[in-house]
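Below is one structure, written out as structure tokens; the observations come after it.
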Amino acid sequence: MNETLQHVEQMLDESPVVDVTETFERMRDLLAELKAKIDARFELSLDPASPGAYGSRPDGPGGRLDAYTGPEVDWMVHSWLGDPTAGFANLHLTVWLGPHIRVPHLGIALLVWPEGWFYQDFLPRAGLTRDAGYFDRYYTPSEAGWLAFRESNPDFTWFTSRAAFIRASLSPTAFCYSFPREPAHLDTVRGVLHERVDRWLTWVDEAEPVPVQERPALAAADLATRRNIAERDPANVMGVRYFGERETERLVRGLWGGDRTLPGPA
């Protein structure tokens, strides 16, 4: 298993300019498929403060960020940012659950720079070395499949972020790989993501409720995690490059809900 250890902008700047629109569209279609599964399970409303579309796509860099909330979901983000004709696009689908259950949050990101990259993780809501029961319920069952993927997909290169905070945010069964931009590899990613989303939805259906008195602390911890990850994402530098500091700050607030107008779960 090889390893990648480069900044996002370094990977882009050291690569030839390539039109990756076809790959971008396939990635966008994949996230739409996964979002449809999530939409079918949860009651969700688009927050009016969502940034929506921005930039000048298809004539230059652009993007879209839609954020949703509902009775069971505190904040769901469906977004993309980039300039596919110039070799870069970053796409997200993340679901931050309400504090009524302790099921891990769902994190998905796809990137083309111009090679492919994907991330998927179940973001824990308990200390995994402290709460062994939580670990065994949500992470032990994924271990065999996680190891099998590493051992059986030599074209997928493990990606190690240069940002220590991002490395610390990964669970032991996170997927974080670069891969050659080929249809067969995108099919592999599609299979992994559908399987993981299906598993996560089953956890949601089977979860026990959190005692009411414990929910405020859990909600506060979730918000702190979400904000820190959004504000410390190394890929934010690409937003600054394309749209400037002020617009990037607005987009980052959209990722964690800093400008939200709809309340979260009661």
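Order determines the names: the first chain of the structure tokens is A, the second B, and so forth; residues in each chain are numbered 1 upward, and ligands are numbered 1 upward as they are shown.
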Residues of region 147-219 of chain A within 12 Å of region 18-28 of chain A: nearest atom pair and distance (Å, one decimal) for each, counting only C-alpha atoms, sorted by chain and number, as CSV?
```
residue,atom,partner,partner_atom,distance
A:Pro180,CA,A:Thr23,CA,11.0
A:Arg181,CA,A:Thr23,CA,7.3
A:Glu182,CA,A:Thr23,CA,8.4
A:Pro183,CA,A:Thr23,CA,8.3
A:Ala184,CA,A:Thr23,CA,11.7
A:His185,CA,A:Thr23,CA,10.9
A:Leu186,CA,A:Met27,CA,8.0
A:Asp187,CA,A:Arg26,CA,9.8
A:Val189,CA,A:Met27,CA,9.6
A:Arg190,CA,A:Met27,CA,8.8
A:Leu193,CA,A:Met27,CA,11.4
```
So that I have them on file, write out the residues from the current selection with all heavy atoms, as a tab-separated table (two decimals), in the first residue's frame.
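The result, stored in again20.tsv:
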```tsv
chain	number	residue	atom	x	y	z
A	180	PRO	N	-6.26	6.48	-9.38
A	180	PRO	CA	-6.28	6.92	-10.78
A	180	PRO	C	-7.71	7.16	-11.24
A	180	PRO	O	-8.62	6.41	-10.90
A	180	PRO	CB	-5.64	5.74	-11.53
A	180	PRO	CG	-4.81	5.04	-10.50
A	180	PRO	CD	-5.57	5.18	-9.22
A	181	ARG	N	-7.90	8.20	-12.01
A	181	ARG	CA	-9.23	8.65	-12.43
A	181	ARG	C	-9.70	7.78	-13.60
A	181	ARG	O	-9.68	8.18	-14.76
A	181	ARG	CB	-9.15	10.12	-12.80
A	181	ARG	CG	-10.48	10.81	-13.07
A	181	ARG	CD	-10.29	12.32	-13.18
A	181	ARG	NE	-9.12	12.69	-13.95
A	181	ARG	CZ	-9.11	12.82	-15.27
A	181	ARG	NH1	-10.19	12.60	-15.97
A	181	ARG	NH2	-8.00	13.17	-15.89
A	182	GLU	N	-10.19	6.59	-13.27
A	182	GLU	CA	-10.68	5.65	-14.27
A	182	GLU	C	-12.07	5.18	-13.87
A	182	GLU	O	-12.40	5.09	-12.68
A	182	GLU	CB	-9.74	4.44	-14.37
A	182	GLU	CG	-8.33	4.81	-14.83
A	182	GLU	CD	-7.39	3.63	-14.79
A	182	GLU	OE1	-7.88	2.49	-14.54
A	182	GLU	OE2	-6.18	3.83	-14.99
A	183	PRO	N	-12.94	4.86	-14.85
A	183	PRO	CA	-14.31	4.45	-14.53
A	183	PRO	C	-14.39	3.27	-13.57
A	183	PRO	O	-15.24	3.25	-12.68
A	183	PRO	CB	-14.89	4.09	-15.90
A	183	PRO	CG	-14.13	4.95	-16.87
A	183	PRO	CD	-12.73	5.02	-16.30
A	184	ALA	N	-13.50	2.29	-13.72
A	184	ALA	CA	-13.56	1.12	-12.84
A	184	ALA	C	-13.30	1.50	-11.38
A	184	ALA	O	-13.91	0.94	-10.46
A	184	ALA	CB	-12.55	0.07	-13.30
A	185	HIS	N	-12.41	2.46	-11.17
A	185	HIS	CA	-12.11	2.88	-9.81
A	185	HIS	C	-13.27	3.67	-9.21
A	185	HIS	O	-13.58	3.54	-8.02
A	185	HIS	CB	-10.83	3.70	-9.78
A	185	HIS	CG	-9.63	2.91	-10.18
A	185	HIS	ND1	-8.64	3.43	-10.99
A	185	HIS	CD2	-9.26	1.64	-9.91
A	185	HIS	CE1	-7.71	2.50	-11.18
A	185	HIS	NE2	-8.07	1.41	-10.54
A	186	LEU	N	-13.93	4.46	-10.03
A	186	LEU	CA	-15.12	5.17	-9.55
A	186	LEU	C	-16.23	4.18	-9.21
A	186	LEU	O	-16.99	4.39	-8.26
A	186	LEU	CB	-15.59	6.17	-10.60
A	186	LEU	CG	-14.70	7.40	-10.78
A	186	LEU	CD1	-15.15	8.20	-12.00
A	186	LEU	CD2	-14.74	8.28	-9.54
A	187	ASP	N	-16.32	3.09	-9.95
A	187	ASP	CA	-17.30	2.05	-9.62
A	187	ASP	C	-16.97	1.43	-8.26
A	187	ASP	O	-17.88	1.11	-7.47
A	187	ASP	CB	-17.30	0.96	-10.69
A	187	ASP	CG	-17.93	1.43	-12.00
A	187	ASP	OD1	-18.66	2.43	-11.99
A	187	ASP	OD2	-17.65	0.77	-13.04
A	189	VAL	N	-15.43	2.94	-5.76
A	189	VAL	CA	-15.81	3.93	-4.75
A	189	VAL	C	-17.33	3.93	-4.55
A	189	VAL	O	-17.82	3.98	-3.42
A	189	VAL	CB	-15.32	5.33	-5.17
A	189	VAL	CG1	-15.87	6.40	-4.23
A	189	VAL	CG2	-13.80	5.37	-5.20
A	190	ARG	N	-18.07	3.84	-5.64
A	190	ARG	CA	-19.52	3.82	-5.56
A	190	ARG	C	-20.01	2.65	-4.70
A	190	ARG	O	-20.89	2.81	-3.84
A	190	ARG	CB	-20.13	3.73	-6.97
A	190	ARG	CG	-21.65	3.75	-7.00
A	190	ARG	CD	-22.18	3.69	-8.43
A	190	ARG	NE	-23.62	3.77	-8.46
A	190	ARG	CZ	-24.42	2.71	-8.32
A	190	ARG	NH1	-23.90	1.50	-8.17
A	190	ARG	NH2	-25.74	2.87	-8.34
A	193	LEU	N	-19.26	3.36	-0.94
A	193	LEU	CA	-20.10	4.39	-0.33
A	193	LEU	C	-21.54	3.92	-0.16
A	193	LEU	O	-22.18	4.21	0.87
A	193	LEU	CB	-20.04	5.66	-1.17
A	193	LEU	CG	-18.67	6.34	-1.21
A	193	LEU	CD1	-18.74	7.65	-2.00
A	193	LEU	CD2	-18.12	6.60	0.19
```
For this session: Please identify all polymer residues within 7 Å of region 55-69 of chain A, counting only C-alpha atoms, omitting same-chain residues fewer than 3 positions from it, and present them as a list in words.
Result: Leu44, Ser45, Leu46, Asp47, Ser50, Pro51, Gly52, Val73, Asp74, Trp75, Met76, Val77, His78, Ser79, Trp80, Leu81, Gly82, Asp83, Tyr242 and Gly264 of chain A
Exercise. Closest to Ile101 (chain A) among A:Cys176, A:Ala132, A:Leu170, A:Val212, using only C-alpha atoms?
Worked result: A:Val212
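By only C-alpha atoms, and with residues fewer than 3 positions from Val240 (chain A) along its chain excluded, the set lying at most 12 Å from it is Glu9, Pro61, Leu81, Gly82, Pro234, Ala235, Asn236, Val237, Phe243, Gly244, Glu245, Arg246, Glu247, Thr248, Glu249, Arg250, Leu251 and Val252 of chain A.
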Keeping only all heavy atoms, write those residues as a tab-separated table (two decimals), in the first residue's frame.
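File written: part_31.tsv
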```
chain	number	residue	atom	x	y	z
A	9	GLU	N	-3.37	21.91	-2.75
A	9	GLU	CA	-2.93	22.83	-3.79
A	9	GLU	C	-1.61	22.37	-4.43
A	9	GLU	O	-1.36	22.64	-5.61
A	9	GLU	CB	-2.77	24.26	-3.21
A	9	GLU	CG	-1.67	24.44	-2.18
A	9	GLU	CD	-2.09	24.15	-0.76
A	9	GLU	OE1	-3.03	23.34	-0.57
A	9	GLU	OE2	-1.47	24.73	0.16
A	61	PRO	N	-14.46	29.16	-12.06
A	61	PRO	CA	-14.73	28.48	-10.79
A	61	PRO	C	-16.15	28.77	-10.29
A	61	PRO	O	-16.69	29.86	-10.48
A	61	PRO	CB	-13.68	29.08	-9.85
A	61	PRO	CG	-12.61	29.60	-10.74
A	61	PRO	CD	-13.30	30.07	-11.98
A	81	LEU	N	-17.45	22.48	-4.95
A	81	LEU	CA	-16.68	23.70	-5.20
A	81	LEU	C	-15.56	23.35	-6.16
A	81	LEU	O	-14.94	22.29	-6.03
A	81	LEU	CB	-16.11	24.25	-3.90
A	81	LEU	CG	-15.14	25.45	-3.94
A	81	LEU	CD1	-15.23	26.23	-2.62
A	81	LEU	CD2	-13.69	25.03	-4.17
A	82	GLY	N	-15.28	24.24	-7.13
A	82	GLY	CA	-14.12	23.99	-7.96
A	82	GLY	C	-14.22	24.57	-9.35
A	82	GLY	O	-15.09	25.39	-9.65
A	234	PRO	N	-7.94	21.75	5.24
A	234	PRO	CA	-6.87	22.29	4.40
A	234	PRO	C	-7.34	22.69	3.00
A	234	PRO	O	-6.72	23.55	2.37
A	234	PRO	CB	-5.86	21.14	4.34
A	234	PRO	CG	-6.14	20.31	5.54
A	234	PRO	CD	-7.61	20.39	5.76
A	235	ALA	N	-8.44	22.09	2.53
A	235	ALA	CA	-8.94	22.42	1.20
A	235	ALA	C	-9.57	23.80	1.14
A	235	ALA	O	-9.86	24.31	0.04
A	235	ALA	CB	-9.95	21.37	0.73
A	236	ASN	N	-9.77	24.45	2.28
A	236	ASN	CA	-10.32	25.82	2.27
A	236	ASN	C	-9.44	26.77	1.48
A	236	ASN	O	-9.91	27.80	0.98
A	236	ASN	CB	-10.49	26.34	3.70
A	236	ASN	CG	-11.60	25.62	4.45
A	236	ASN	OD1	-12.43	24.93	3.86
A	236	ASN	ND2	-11.61	25.77	5.77
A	237	VAL	N	-8.15	26.44	1.37
A	237	VAL	CA	-7.24	27.31	0.63
A	237	VAL	C	-7.67	27.44	-0.83
A	237	VAL	O	-7.44	28.47	-1.46
A	237	VAL	CB	-5.79	26.77	0.74
A	237	VAL	CG1	-5.63	25.46	-0.01
A	237	VAL	CG2	-4.80	27.78	0.21
A	243	PHE	N	-12.27	32.36	-4.77
A	243	PHE	CA	-13.34	33.31	-4.43
A	243	PHE	C	-12.94	34.37	-3.41
A	243	PHE	O	-13.75	35.25	-3.10
A	243	PHE	CB	-14.56	32.55	-3.91
A	243	PHE	CG	-15.00	31.43	-4.82
A	243	PHE	CD1	-14.85	30.10	-4.43
A	243	PHE	CD2	-15.53	31.70	-6.07
A	243	PHE	CE1	-15.24	29.07	-5.27
A	243	PHE	CE2	-15.92	30.68	-6.91
A	243	PHE	CZ	-15.78	29.35	-6.52
A	244	GLY	N	-11.74	34.30	-2.85
A	244	GLY	CA	-11.31	35.29	-1.88
A	244	GLY	C	-11.65	34.92	-0.45
A	244	GLY	O	-12.44	34.01	-0.19
A	245	GLU	N	-11.04	35.61	0.50
A	245	GLU	CA	-11.18	35.31	1.92
A	245	GLU	C	-12.63	35.47	2.39
A	245	GLU	O	-13.16	34.62	3.10
A	245	GLU	CB	-10.27	36.22	2.75
A	245	GLU	CG	-8.78	35.95	2.60
A	245	GLU	CD	-8.31	34.81	3.49
A	245	GLU	OE1	-9.16	34.24	4.21
A	245	GLU	OE2	-7.11	34.51	3.43
A	246	ARG	N	-13.25	36.59	2.03
A	246	ARG	CA	-14.58	36.88	2.57
A	246	ARG	C	-15.62	35.85	2.13
A	246	ARG	O	-16.41	35.36	2.96
A	246	ARG	CB	-15.02	38.28	2.14
A	246	ARG	CG	-16.34	38.73	2.75
A	246	ARG	CD	-16.59	40.19	2.47
A	246	ARG	NE	-17.83	40.64	3.07
A	246	ARG	CZ	-18.28	41.88	3.01
A	246	ARG	NH1	-17.56	42.82	2.37
A	246	ARG	NH2	-19.42	42.22	3.58
A	247	GLU	N	-15.63	35.51	0.84
A	247	GLU	CA	-16.58	34.52	0.35
A	247	GLU	C	-16.29	33.14	0.93
A	247	GLU	O	-17.21	32.39	1.28
A	247	GLU	CB	-16.56	34.47	-1.18
A	247	GLU	CG	-17.50	33.45	-1.79
A	247	GLU	CD	-18.98	33.82	-1.67
A	247	GLU	OE1	-19.31	34.77	-0.92
A	247	GLU	OE2	-19.80	33.14	-2.30
A	248	THR	N	-15.02	32.80	1.09
A	248	THR	CA	-14.68	31.51	1.66
A	248	THR	C	-15.15	31.42	3.11
A	248	THR	O	-15.64	30.37	3.55
A	248	THR	CB	-13.16	31.26	1.58
A	248	THR	OG1	-12.77	31.28	0.20
A	248	THR	CG2	-12.77	29.94	2.20
A	249	GLU	N	-15.01	32.50	3.86
A	249	GLU	CA	-15.51	32.50	5.24
A	249	GLU	C	-17.02	32.26	5.27
A	249	GLU	O	-17.53	31.53	6.13
A	249	GLU	CB	-15.17	33.82	5.91
A	249	GLU	CG	-13.68	33.99	6.21
A	249	GLU	CD	-13.34	35.37	6.72
A	249	GLU	OE1	-14.27	36.21	6.84
A	249	GLU	OE2	-12.15	35.63	7.00
A	250	ARG	N	-17.75	32.83	4.33
A	250	ARG	CA	-19.19	32.61	4.26
A	250	ARG	C	-19.50	31.15	3.94
A	250	ARG	O	-20.41	30.54	4.53
A	250	ARG	CB	-19.82	33.51	3.19
A	250	ARG	CG	-21.34	33.41	3.09
A	250	ARG	CD	-21.87	34.39	2.06
A	250	ARG	NE	-21.66	33.93	0.70
A	250	ARG	CZ	-22.57	33.27	-0.02
A	250	ARG	NH1	-23.77	33.00	0.51
A	250	ARG	NH2	-22.32	32.90	-1.26
A	251	LEU	N	-18.74	30.58	3.02
A	251	LEU	CA	-18.96	29.18	2.66
A	251	LEU	C	-18.63	28.24	3.82
A	251	LEU	O	-19.34	27.26	4.06
A	251	LEU	CB	-18.13	28.82	1.43
A	251	LEU	CG	-18.47	29.60	0.16
A	251	LEU	CD1	-17.49	29.25	-0.95
A	251	LEU	CD2	-19.90	29.34	-0.29
A	252	VAL	N	-17.57	28.53	4.54
A	252	VAL	CA	-17.21	27.70	5.70
A	252	VAL	C	-18.31	27.78	6.76
A	252	VAL	O	-18.67	26.77	7.38
A	252	VAL	CB	-15.84	28.13	6.26
A	252	VAL	CG1	-15.58	27.44	7.60
A	252	VAL	CG2	-14.73	27.77	5.27
```
Exercise. If you count only C-alpha atoms, which residues fall within 12 Å of Ala164 (chain A), apart from same-chain ones fewer than 3 positions away, as a PyMOL selection string?
Worked result: chain A and resi 5+160-161+167-170+229+232-234
With all heavy atoms retained, export the selected residues as a compact mmCIF listing (two decimals), in the first residue's frame.
```
# COMPACT_ATOMS: atom_id res chain seq x y z
N LEU A 5 1.30 12.08 0.61
CA LEU A 5 1.49 13.06 1.69
C LEU A 5 1.78 14.41 1.04
O LEU A 5 2.91 14.87 0.98
CB LEU A 5 2.62 12.63 2.62
CG LEU A 5 2.93 13.51 3.83
CD1 LEU A 5 1.73 13.57 4.77
CD2 LEU A 5 4.14 12.99 4.58
N THR A 160 -2.46 10.57 3.54
CA THR A 160 -2.16 11.09 4.87
C THR A 160 -2.13 12.61 4.80
O THR A 160 -1.28 13.19 4.13
CB THR A 160 -0.81 10.57 5.38
OG1 THR A 160 -0.85 9.14 5.45
CG2 THR A 160 -0.50 11.13 6.76
N SER A 161 -3.07 13.25 5.49
CA SER A 161 -3.10 14.72 5.49
C SER A 161 -1.86 15.27 6.19
O SER A 161 -1.37 14.71 7.18
CB SER A 161 -4.35 15.21 6.22
OG SER A 161 -4.34 16.62 6.34
N ARG A 167 -5.72 14.54 10.63
CA ARG A 167 -5.37 13.15 10.94
C ARG A 167 -6.04 12.69 12.22
O ARG A 167 -6.51 11.56 12.33
CB ARG A 167 -3.84 13.00 11.06
CG ARG A 167 -3.08 13.31 9.78
CD ARG A 167 -1.66 12.75 9.82
NE ARG A 167 -0.87 13.26 10.92
CZ ARG A 167 -0.15 14.37 10.88
NH1 ARG A 167 -0.15 15.11 9.78
NH2 ARG A 167 0.56 14.76 11.93
N ALA A 168 -6.12 13.59 13.21
CA ALA A 168 -6.74 13.24 14.49
C ALA A 168 -8.24 13.05 14.36
O ALA A 168 -8.85 12.38 15.20
CB ALA A 168 -6.45 14.33 15.52
N SER A 169 -8.84 13.63 13.33
CA SER A 169 -10.30 13.54 13.18
C SER A 169 -10.75 12.22 12.58
O SER A 169 -11.95 11.90 12.62
CB SER A 169 -10.80 14.69 12.30
OG SER A 169 -10.47 14.47 10.93
N LEU A 170 -9.84 11.42 12.03
CA LEU A 170 -10.21 10.18 11.37
C LEU A 170 -10.43 9.06 12.38
O LEU A 170 -9.64 8.88 13.30
CB LEU A 170 -9.14 9.76 10.37
CG LEU A 170 -8.85 10.71 9.22
CD1 LEU A 170 -7.74 10.13 8.35
CD2 LEU A 170 -10.10 10.97 8.40
N ILE A 229 -13.83 21.09 12.29
CA ILE A 229 -13.46 20.40 11.06
C ILE A 229 -13.65 21.31 9.85
O ILE A 229 -12.80 21.37 8.95
CB ILE A 229 -14.27 19.10 10.90
CG1 ILE A 229 -13.81 18.06 11.94
CG2 ILE A 229 -14.13 18.53 9.49
CD1 ILE A 229 -14.63 16.80 11.96
N ARG A 232 -10.92 24.14 9.86
CA ARG A 232 -9.54 23.69 9.74
C ARG A 232 -9.28 22.84 8.49
O ARG A 232 -8.17 22.33 8.33
CB ARG A 232 -9.14 22.90 10.99
CG ARG A 232 -9.04 23.75 12.25
CD ARG A 232 -8.85 22.86 13.47
NE ARG A 232 -8.63 23.63 14.68
CZ ARG A 232 -7.45 23.83 15.26
NH1 ARG A 232 -6.36 23.30 14.71
NH2 ARG A 232 -7.33 24.53 16.36
N ASP A 233 -10.25 22.70 7.63
CA ASP A 233 -10.09 21.89 6.43
C ASP A 233 -9.00 22.49 5.54
O ASP A 233 -9.11 23.64 5.10
CB ASP A 233 -11.42 21.84 5.66
CG ASP A 233 -11.39 20.88 4.49
OD1 ASP A 233 -10.28 20.49 4.05
OD2 ASP A 233 -12.47 20.53 3.99
N PRO A 234 -7.94 21.75 5.24
CA PRO A 234 -6.87 22.29 4.40
C PRO A 234 -7.34 22.69 3.00
O PRO A 234 -6.72 23.55 2.37
CB PRO A 234 -5.86 21.14 4.34
CG PRO A 234 -6.14 20.31 5.54
CD PRO A 234 -7.61 20.39 5.76
```
For this session: Could you find all residues in region 53-103 of chain A that DSSP calls strand (DSSP E) from the backbone, and write them as a PyMOL selection string?
Result: chain A and resi 53-55+62-69+73-83+88-97
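Using only C-alpha atoms for every distance, the candidate list A:Ser152, A:Trp117, A:His194, A:Pro71 yields A:His194 as the residue closest to Glu33 (chain A).
Within 12 Å of Gly145 (chain A), once only C-alpha atoms are used and residues closer than 2 positions along the same chain are dropped, the contacting residues are Tyr139, Thr140, Pro141, Ser142, Glu143, Leu147, Ala148, Phe149, Arg150, Glu151, Ser152, Asn153, Thr173, Ala174, Phe175, Val192, Glu195 and Arg196 of chain A.
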Write out the residues from the selection above, keeping N, CA and C atoms, as a short mmCIF file (atom, residue, chain, number, x, y, z; two decimals), in the first residue's frame.
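Ended up saving to result_9.cif:
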```
data_model
loop_
_atom_site.label_atom_id
_atom_site.label_comp_id
_atom_site.auth_asym_id
_atom_site.auth_seq_id
_atom_site.Cartn_x
_atom_site.Cartn_y
_atom_site.Cartn_z
N TYR A 139 -17.60 0.23 15.18
CA TYR A 139 -16.32 0.21 14.47
C TYR A 139 -15.75 -1.20 14.30
N THR A 140 -15.91 -2.05 15.29
CA THR A 140 -15.42 -3.42 15.14
C THR A 140 -16.02 -4.13 13.93
N PRO A 141 -17.35 -3.99 13.64
CA PRO A 141 -17.91 -4.69 12.47
C PRO A 141 -17.33 -4.22 11.13
N SER A 142 -16.75 -3.01 11.10
CA SER A 142 -16.20 -2.49 9.85
C SER A 142 -14.75 -2.89 9.63
N GLU A 143 -14.12 -3.44 10.65
CA GLU A 143 -12.68 -3.64 10.60
C GLU A 143 -12.25 -4.61 9.50
N LEU A 147 -9.83 -3.56 6.31
CA LEU A 147 -8.54 -4.20 6.03
C LEU A 147 -8.53 -4.87 4.67
N ALA A 148 -9.65 -5.51 4.31
CA ALA A 148 -9.72 -6.19 3.02
C ALA A 148 -9.58 -5.20 1.88
N PHE A 149 -10.17 -4.02 2.02
CA PHE A 149 -10.04 -3.00 0.97
C PHE A 149 -8.59 -2.59 0.79
N ARG A 150 -7.89 -2.35 1.87
CA ARG A 150 -6.48 -1.95 1.79
C ARG A 150 -5.64 -3.03 1.12
N GLU A 151 -5.96 -4.28 1.39
CA GLU A 151 -5.15 -5.38 0.89
C GLU A 151 -5.47 -5.76 -0.55
N SER A 152 -6.67 -5.43 -1.04
CA SER A 152 -7.09 -5.93 -2.34
C SER A 152 -7.25 -4.86 -3.41
N ASN A 153 -6.88 -3.60 -3.10
CA ASN A 153 -7.02 -2.53 -4.07
C ASN A 153 -5.70 -1.77 -4.20
N THR A 173 -11.58 3.28 11.14
CA THR A 173 -12.08 2.62 9.94
C THR A 173 -12.45 3.62 8.85
N ALA A 174 -11.81 4.79 8.87
CA ALA A 174 -12.05 5.79 7.82
C ALA A 174 -11.44 5.34 6.50
N PHE A 175 -12.08 5.72 5.40
CA PHE A 175 -11.52 5.56 4.06
C PHE A 175 -10.99 6.92 3.63
N VAL A 192 -18.35 1.04 -2.30
CA VAL A 192 -18.00 1.28 -0.91
C VAL A 192 -18.99 2.25 -0.26
N GLU A 195 -22.55 0.86 0.32
CA GLU A 195 -22.56 -0.11 1.42
C GLU A 195 -22.48 0.60 2.76
N ARG A 196 -21.64 1.59 2.86
CA ARG A 196 -21.45 2.28 4.13
C ARG A 196 -22.66 3.13 4.50
#
```
